[in-house]
Amino acid sequence: MENGKFIISLDFELFWGVRDKRTIENYGANILGVQKAIPAMLQLFEKYNTRVTFSTVGLLFAANRDELLQYCPAVRPEYTDTKLSPYPDLATIGFNEEDDPWHFGYSLLKQIQLHPEHEIGTHTFCHYYCLEPGQTATAFLHDLQAAKNIAAKMGIQVRSLVFPRNQFNEEYLAVCREAGIESYRGNPTSWLYAGRNKNDESLFRRMLRIIDTYINLTGHHCYEEKAMRASPVMNIPGSRFLRPYSRKLSFLDGLRLRRIKQAMKHAAKNKLMYHLWWHPHNFGANLAENIAFLDKVLQYYTELNKQYGFTSITMSGLSDELKAVGNG
């Protein structure tokens, strides 16, 4: 790469991504807050001329329940834990975004579309868990095809993928290629961040990941071109989850910001890629505090852009650039 690259990807999922462990009653405020969070973030991205990949659950492309049911795949995951599947509940959700903003986000996608500098990728159709018992490669292929089909009706060509819960399954890269996926967000190269299903995850790893948010336990997680091109589908690994504001931990926010800025500078100086990601619903509560923190991150990006040529780009944009260099 001629200069360092700054990637931002957002896992846009609303209630589809948290339904298996939380209820609307205790997480609904975060979900409803997305209605204000996305416009606020779009404004900030425009202010700092940053390009973002919105990895979106396919169910959110539907304008109403009838359209949602129309695009559902015929072959669906048969998880051993049936609570992981959204399909049994589809008949009970509201009809559209007006009466059920927890499950529909069509108007928000239309707002994102007004900013063509951003990319709308996929977070699978149904928030598909690729490491949970009961799912198969065949069902995953049908899921990706459904995601591409429902996006196409909005004129969107889905080219990049973020695995839900970061449950990266290397065996499914061939499926991704068959479905026309050109890049994906891999996990950071540390055992702390290796993909696991929910039963194999541990409290110890979660605690260490929280500590790693503030103190450098695992490195900067910046990546060179060779590492990204080594996969049959371009691997654009995540570097850092932008953990949302916490009133209890707010006294550590200086460390949280320093951790991110040090890694960004390392990428900029050494012509590497740095990939920051989060969910819009992470900003759904404490929006002012989260936007203020993001403003500091993006302001620092502009400083690195001027000093080192650090460049903001989408996942597919970087994939295209690396392929062009490889074919040159």
# chains A, B, ... in the order shown; residues from 1 in each chain; ligands from 1

call {"tool": "residues_around", "arguments": {"residues": "range 285-297 of chain A", "least_positions_apart": "2", "cutoff": "12 Å", "atoms": "only C-alpha atoms", "output": "PyMOL selection string"}}
result
chain A and resi 6+8+27-48+50+242-247+250+253-265+276-283+299-304

call {"tool": "residues_around", "arguments": {"residues": "Val233 in chain A", "least_positions_apart": "4", "cutoff": "10 Å", "atoms": "only C-alpha atoms", "output": "MDAnalysis selection string"}}
result
chainID A and resid 160 173:174 176:177 180:184 228:229 319

call {"tool": "residues_around", "arguments": {"residues": "Trp191 in chain A", "least_positions_apart": "2", "cutoff": "12 Å", "atoms": "only C-alpha atoms", "output": "PDB file with N, CA and C atoms, in the first residue's frame"}}
result
ATOM      1  N   ASN A 187     -11.103 -11.658  12.125  1.00  0.00           N
ATOM      2  CA  ASN A 187     -10.871 -11.312  13.521  1.00  0.00           C
ATOM      3  C   ASN A 187      -9.412 -10.912  13.747  1.00  0.00           C
ATOM      4  N   PRO A 188      -9.147 -10.090  14.765  1.00  0.00           N
ATOM      5  CA  PRO A 188      -7.761  -9.745  15.094  1.00  0.00           C
ATOM      6  C   PRO A 188      -6.932 -10.996  15.342  1.00  0.00           C
ATOM      7  N   THR A 189      -5.653 -10.912  15.030  1.00  0.00           N
ATOM      8  CA  THR A 189      -4.779 -12.083  15.134  1.00  0.00           C
ATOM      9  C   THR A 189      -4.283 -12.255  16.569  1.00  0.00           C
ATOM     10  N   TYR A 193      -9.350 -13.017  20.389  1.00  0.00           N
ATOM     11  CA  TYR A 193     -10.382 -12.604  19.452  1.00  0.00           C
ATOM     12  C   TYR A 193     -10.757 -13.687  18.444  1.00  0.00           C
ATOM     13  N   ALA A 194     -10.238 -14.892  18.626  1.00  0.00           N
ATOM     14  CA  ALA A 194     -10.595 -15.983  17.721  1.00  0.00           C
ATOM     15  C   ALA A 194     -12.083 -16.291  17.848  1.00  0.00           C
ATOM     16  N   GLY A 195     -12.728 -16.577  16.714  1.00  0.00           N
ATOM     17  CA  GLY A 195     -14.166 -16.831  16.725  1.00  0.00           C
ATOM     18  C   GLY A 195     -14.538 -18.081  17.494  1.00  0.00           C
ATOM     19  N   ARG A 196     -15.564 -17.979  18.318  1.00  0.00           N
ATOM     20  CA  ARG A 196     -16.097 -19.117  19.075  1.00  0.00           C
ATOM     21  C   ARG A 196     -17.614 -19.022  19.118  1.00  0.00           C
ATOM     22  N   GLU A 201     -17.411 -19.643  24.507  1.00  0.00           N
ATOM     23  CA  GLU A 201     -16.876 -18.365  24.968  1.00  0.00           C
ATOM     24  C   GLU A 201     -16.722 -18.405  26.481  1.00  0.00           C
ATOM     25  N   ARG A 205     -12.009 -14.591  28.799  1.00  0.00           N
ATOM     26  CA  ARG A 205     -11.669 -13.908  27.545  1.00  0.00           C
ATOM     27  C   ARG A 205     -12.385 -12.555  27.457  1.00  0.00           C
ATOM     28  N   ARG A 206     -13.638 -12.508  27.880  1.00  0.00           N
ATOM     29  CA  ARG A 206     -14.379 -11.245  27.837  1.00  0.00           C
ATOM     30  C   ARG A 206     -13.701 -10.196  28.713  1.00  0.00           C
ATOM     31  N   LEU A 208     -10.527 -10.051  29.599  1.00  0.00           N
ATOM     32  CA  LEU A 208      -9.265  -9.629  29.003  1.00  0.00           C
ATOM     33  C   LEU A 208      -9.490  -8.693  27.821  1.00  0.00           C
ATOM     34  N   ARG A 209     -10.561  -8.917  27.067  1.00  0.00           N
ATOM     35  CA  ARG A 209     -10.857  -8.020  25.944  1.00  0.00           C
ATOM     36  C   ARG A 209     -11.218  -6.628  26.443  1.00  0.00           C
ATOM     37  N   LEU A 217      -2.652  -5.056  25.526  1.00  0.00           N
ATOM     38  CA  LEU A 217      -2.295  -6.438  25.857  1.00  0.00           C
ATOM     39  C   LEU A 217      -1.909  -7.235  24.625  1.00  0.00           C
ATOM     40  N   THR A 218      -2.492  -6.916  23.470  1.00  0.00           N
ATOM     41  CA  THR A 218      -2.385  -7.794  22.304  1.00  0.00           C
ATOM     42  C   THR A 218      -1.782  -7.134  21.073  1.00  0.00           C
TER      43      THR A 218
END

call {"tool": "atom_distance", "arguments": {"atom1": "CA of Cys130 in chain A", "atom2": "CA of Thr82 in chain A"}}
result
14.4 Å

call {"tool": "residues_around", "arguments": {"residues": "Phe204 in chain A", "least_positions_apart": "6", "cutoff": "12 Å", "atoms": "only C-alpha atoms", "output": "PyMOL selection string"}}
result
chain A and resi 192+210-211

call {"tool": "write_last_selection", "arguments": {"atoms": "C-alpha atoms", "output": "PDB file, in the first residue's frame"}}
result
ATOM      1  CA  LEU A 192      -8.428 -13.404  22.606  1.00  0.00           C
ATOM      2  CA  ILE A 210     -12.235  -5.252  28.146  1.00  0.00           C
ATOM      3  CA  ILE A 211      -8.794  -4.682  29.655  1.00  0.00           C
TER       4      ILE A 211
END

call {"tool": "residues_around", "arguments": {"residues": "Phe61 in chain A", "least_positions_apart": "6", "cutoff": "9 Å", "atoms": "only C-alpha atoms", "output": "PyMOL selection string"}}
result
chain A and resi 67-68+104-106+109+147+150-151+153-154

call {"tool": "write_last_selection", "arguments": {"atoms": "N, CA and C atoms", "output": "mmCIF file, in the first residue's frame"}}
result
data_model
loop_
_atom_site.group_PDB
_atom_site.id
_atom_site.type_symbol
_atom_site.label_atom_id
_atom_site.label_comp_id
_atom_site.auth_asym_id
_atom_site.auth_seq_id
_atom_site.Cartn_x
_atom_site.Cartn_y
_atom_site.Cartn_z
ATOM 1 N N GLU A 67 -42.896 -7.916 2.617
ATOM 2 C CA GLU A 67 -41.689 -7.929 1.809
ATOM 3 C C GLU A 67 -40.612 -8.770 2.476
ATOM 4 N N LEU A 68 -40.510 -8.685 3.778
ATOM 5 C CA LEU A 68 -39.541 -9.475 4.529
ATOM 6 C C LEU A 68 -39.772 -10.966 4.289
ATOM 7 N N PHE A 104 -37.416 -3.086 12.121
ATOM 8 C CA PHE A 104 -37.359 -2.519 10.772
ATOM 9 C C PHE A 104 -36.483 -1.265 10.768
ATOM 10 N N GLY A 105 -35.682 -1.120 9.702
ATOM 11 C CA GLY A 105 -34.806 0.047 9.602
ATOM 12 C C GLY A 105 -34.702 0.584 8.192
ATOM 13 N N TYR A 106 -35.776 0.404 7.407
ATOM 14 C CA TYR A 106 -35.743 0.780 5.990
ATOM 15 C C TYR A 106 -35.418 2.254 5.794
ATOM 16 N N LEU A 109 -31.721 2.944 6.185
ATOM 17 C CA LEU A 109 -30.944 2.529 5.018
ATOM 18 C C LEU A 109 -31.078 3.544 3.891
ATOM 19 N N ALA A 147 -29.731 -12.378 1.120
ATOM 20 C CA ALA A 147 -29.233 -11.043 1.465
ATOM 21 C C ALA A 147 -28.933 -10.231 0.212
ATOM 22 N N ILE A 150 -32.428 -9.239 -1.596
ATOM 23 C CA ILE A 150 -33.223 -8.171 -0.991
ATOM 24 C C ILE A 150 -32.497 -6.833 -1.084
ATOM 25 N N ALA A 151 -31.165 -6.861 -1.114
ATOM 26 C CA ALA A 151 -30.407 -5.622 -1.304
ATOM 27 C C ALA A 151 -30.561 -5.122 -2.737
ATOM 28 N N LYS A 153 -33.040 -5.184 -4.655
ATOM 29 C CA LYS A 153 -34.307 -4.481 -4.934
ATOM 30 C C LYS A 153 -34.202 -3.008 -4.562
ATOM 31 N N MET A 154 -33.180 -2.640 -3.783
ATOM 32 C CA MET A 154 -32.888 -1.241 -3.481
ATOM 33 C C MET A 154 -31.760 -0.702 -4.355
#

call {"tool": "select_by_dssp", "arguments": {"residues": "range 169-282 of chain A", "states": "strand (DSSP E)", "output": "list in words"}}
result
Ser183, Tyr184, Arg185, Met234, Asn235, Arg240, Phe241, Met273, Tyr274, His275, Leu276, Trp277 and Trp278 of chain A

call {"tool": "residues_around", "arguments": {"residues": "Leu322 in chain A", "least_positions_apart": "2", "cutoff": "10 Å", "atoms": "only C-alpha atoms", "output": "ChimeraX atom specification"}}
result
/A:1,225-226,228-229,234,316-320,324-328

call {"tool": "select_by_dssp", "arguments": {"residues": "range 122-184 of chain A", "states": "alpha helix (DSSP H)", "output": "ChimeraX atom specification"}}
result
/A:137-152,173-178

call {"tool": "write_last_selection", "arguments": {"atoms": "C-alpha atoms", "output": "mmCIF file, in the first residue's frame"}}
result
data_model
loop_
_atom_site.group_PDB
_atom_site.id
_atom_site.type_symbol
_atom_site.label_atom_id
_atom_site.label_comp_id
_atom_site.auth_asym_id
_atom_site.auth_seq_id
_atom_site.Cartn_x
_atom_site.Cartn_y
_atom_site.Cartn_z
ATOM 1 C CA ALA A 137 -22.859 -24.496 4.505
ATOM 2 C CA THR A 138 -25.936 -25.061 2.345
ATOM 3 C CA ALA A 139 -28.130 -22.950 4.613
ATOM 4 C CA PHE A 140 -25.428 -20.274 4.755
ATOM 5 C CA LEU A 141 -25.314 -20.083 0.954
ATOM 6 C CA HIS A 142 -29.090 -19.640 0.788
ATOM 7 C CA ASP A 143 -28.842 -16.961 3.459
ATOM 8 C CA LEU A 144 -26.230 -14.976 1.514
ATOM 9 C CA GLN A 145 -28.220 -15.292 -1.692
ATOM 10 C CA ALA A 146 -31.299 -13.951 0.115
ATOM 11 C CA ALA A 147 -29.233 -11.043 1.465
ATOM 12 C CA LYS A 148 -28.016 -10.162 -2.022
ATOM 13 C CA ASN A 149 -31.514 -10.456 -3.508
ATOM 14 C CA ILE A 150 -33.223 -8.171 -0.991
ATOM 15 C CA ALA A 151 -30.407 -5.622 -1.304
ATOM 16 C CA ALA A 152 -30.701 -5.677 -5.092
ATOM 17 C CA LEU A 173 -15.034 -18.745 2.451
ATOM 18 C CA ALA A 174 -15.779 -20.924 -0.576
ATOM 19 C CA VAL A 175 -19.476 -20.263 0.024
ATOM 20 C CA CYS A 176 -18.770 -16.539 0.188
ATOM 21 C CA ARG A 177 -17.008 -16.651 -3.170
ATOM 22 C CA GLU A 178 -19.887 -18.590 -4.718
#

call {"tool": "decode", "arguments": {"residues": "range 237-293 of chain A", "atoms": "C-alpha atoms", "output": "compact mmCIF listing (two decimals), in the first residue's frame"}}
result
# COMPACT_ATOMS: atom_id res chain seq x y z
CA PRO A 237 -9.41 -7.90 9.68
CA GLY A 238 -10.91 -5.93 12.50
CA SER A 239 -8.48 -4.01 14.68
CA ARG A 240 -10.55 -2.57 17.52
CA PHE A 241 -14.16 -2.65 18.71
CA LEU A 242 -15.13 0.90 19.64
CA ARG A 243 -16.56 0.09 23.03
CA PRO A 244 -19.42 2.46 23.89
CA TYR A 245 -19.45 5.04 26.65
CA SER A 246 -19.90 3.66 30.16
CA ARG A 247 -20.62 5.97 33.06
CA LYS A 248 -18.89 3.55 35.43
CA LEU A 249 -15.75 3.39 33.29
CA SER A 250 -15.77 6.96 31.98
CA PHE A 251 -12.75 7.82 34.13
CA LEU A 252 -10.77 5.50 31.80
CA ASP A 253 -11.86 7.18 28.56
CA GLY A 254 -8.50 8.90 28.20
CA LEU A 255 -6.85 5.47 28.08
CA ARG A 256 -9.51 4.18 25.67
CA LEU A 257 -8.82 7.06 23.28
CA ARG A 258 -5.04 6.76 23.62
CA ARG A 259 -5.22 3.02 22.81
CA ILE A 260 -7.01 3.77 19.54
CA LYS A 261 -4.90 6.78 18.58
CA GLN A 262 -1.60 4.96 19.15
CA ALA A 263 -2.70 2.14 16.83
CA MET A 264 -3.98 4.58 14.20
CA LYS A 265 -0.66 6.41 14.22
CA HIS A 266 1.24 3.13 13.95
CA ALA A 267 -0.82 2.23 10.86
CA ALA A 268 -0.40 5.68 9.30
CA LYS A 269 3.37 5.83 9.81
CA ASN A 270 3.99 2.27 8.59
CA LYS A 271 1.51 2.25 5.68
CA LEU A 272 -0.70 -0.39 7.28
CA MET A 273 -4.48 -0.85 7.60
CA TYR A 274 -6.39 -0.07 10.81
CA HIS A 275 -10.03 -1.22 11.11
CA LEU A 276 -12.38 0.24 13.73
CA TRP A 277 -15.88 -1.21 14.16
CA TRP A 278 -18.99 -1.04 16.33
CA HIS A 279 -22.79 -1.33 16.17
CA PRO A 280 -25.11 1.66 15.68
CA HIS A 281 -27.08 0.51 18.73
CA ASN A 282 -23.90 0.93 20.82
CA PHE A 283 -24.53 4.66 20.34
CA GLY A 284 -28.26 4.29 20.99
CA ALA A 285 -27.80 5.26 24.62
CA ASN A 286 -25.52 8.08 25.80
CA LEU A 287 -25.50 9.42 22.25
CA ALA A 288 -23.89 12.76 23.11
CA GLU A 289 -20.98 11.11 24.93
CA ASN A 290 -20.42 8.53 22.19
CA ILE A 291 -20.53 11.12 19.41
CA ALA A 292 -18.10 13.33 21.33
CA PHE A 293 -15.65 10.43 21.64
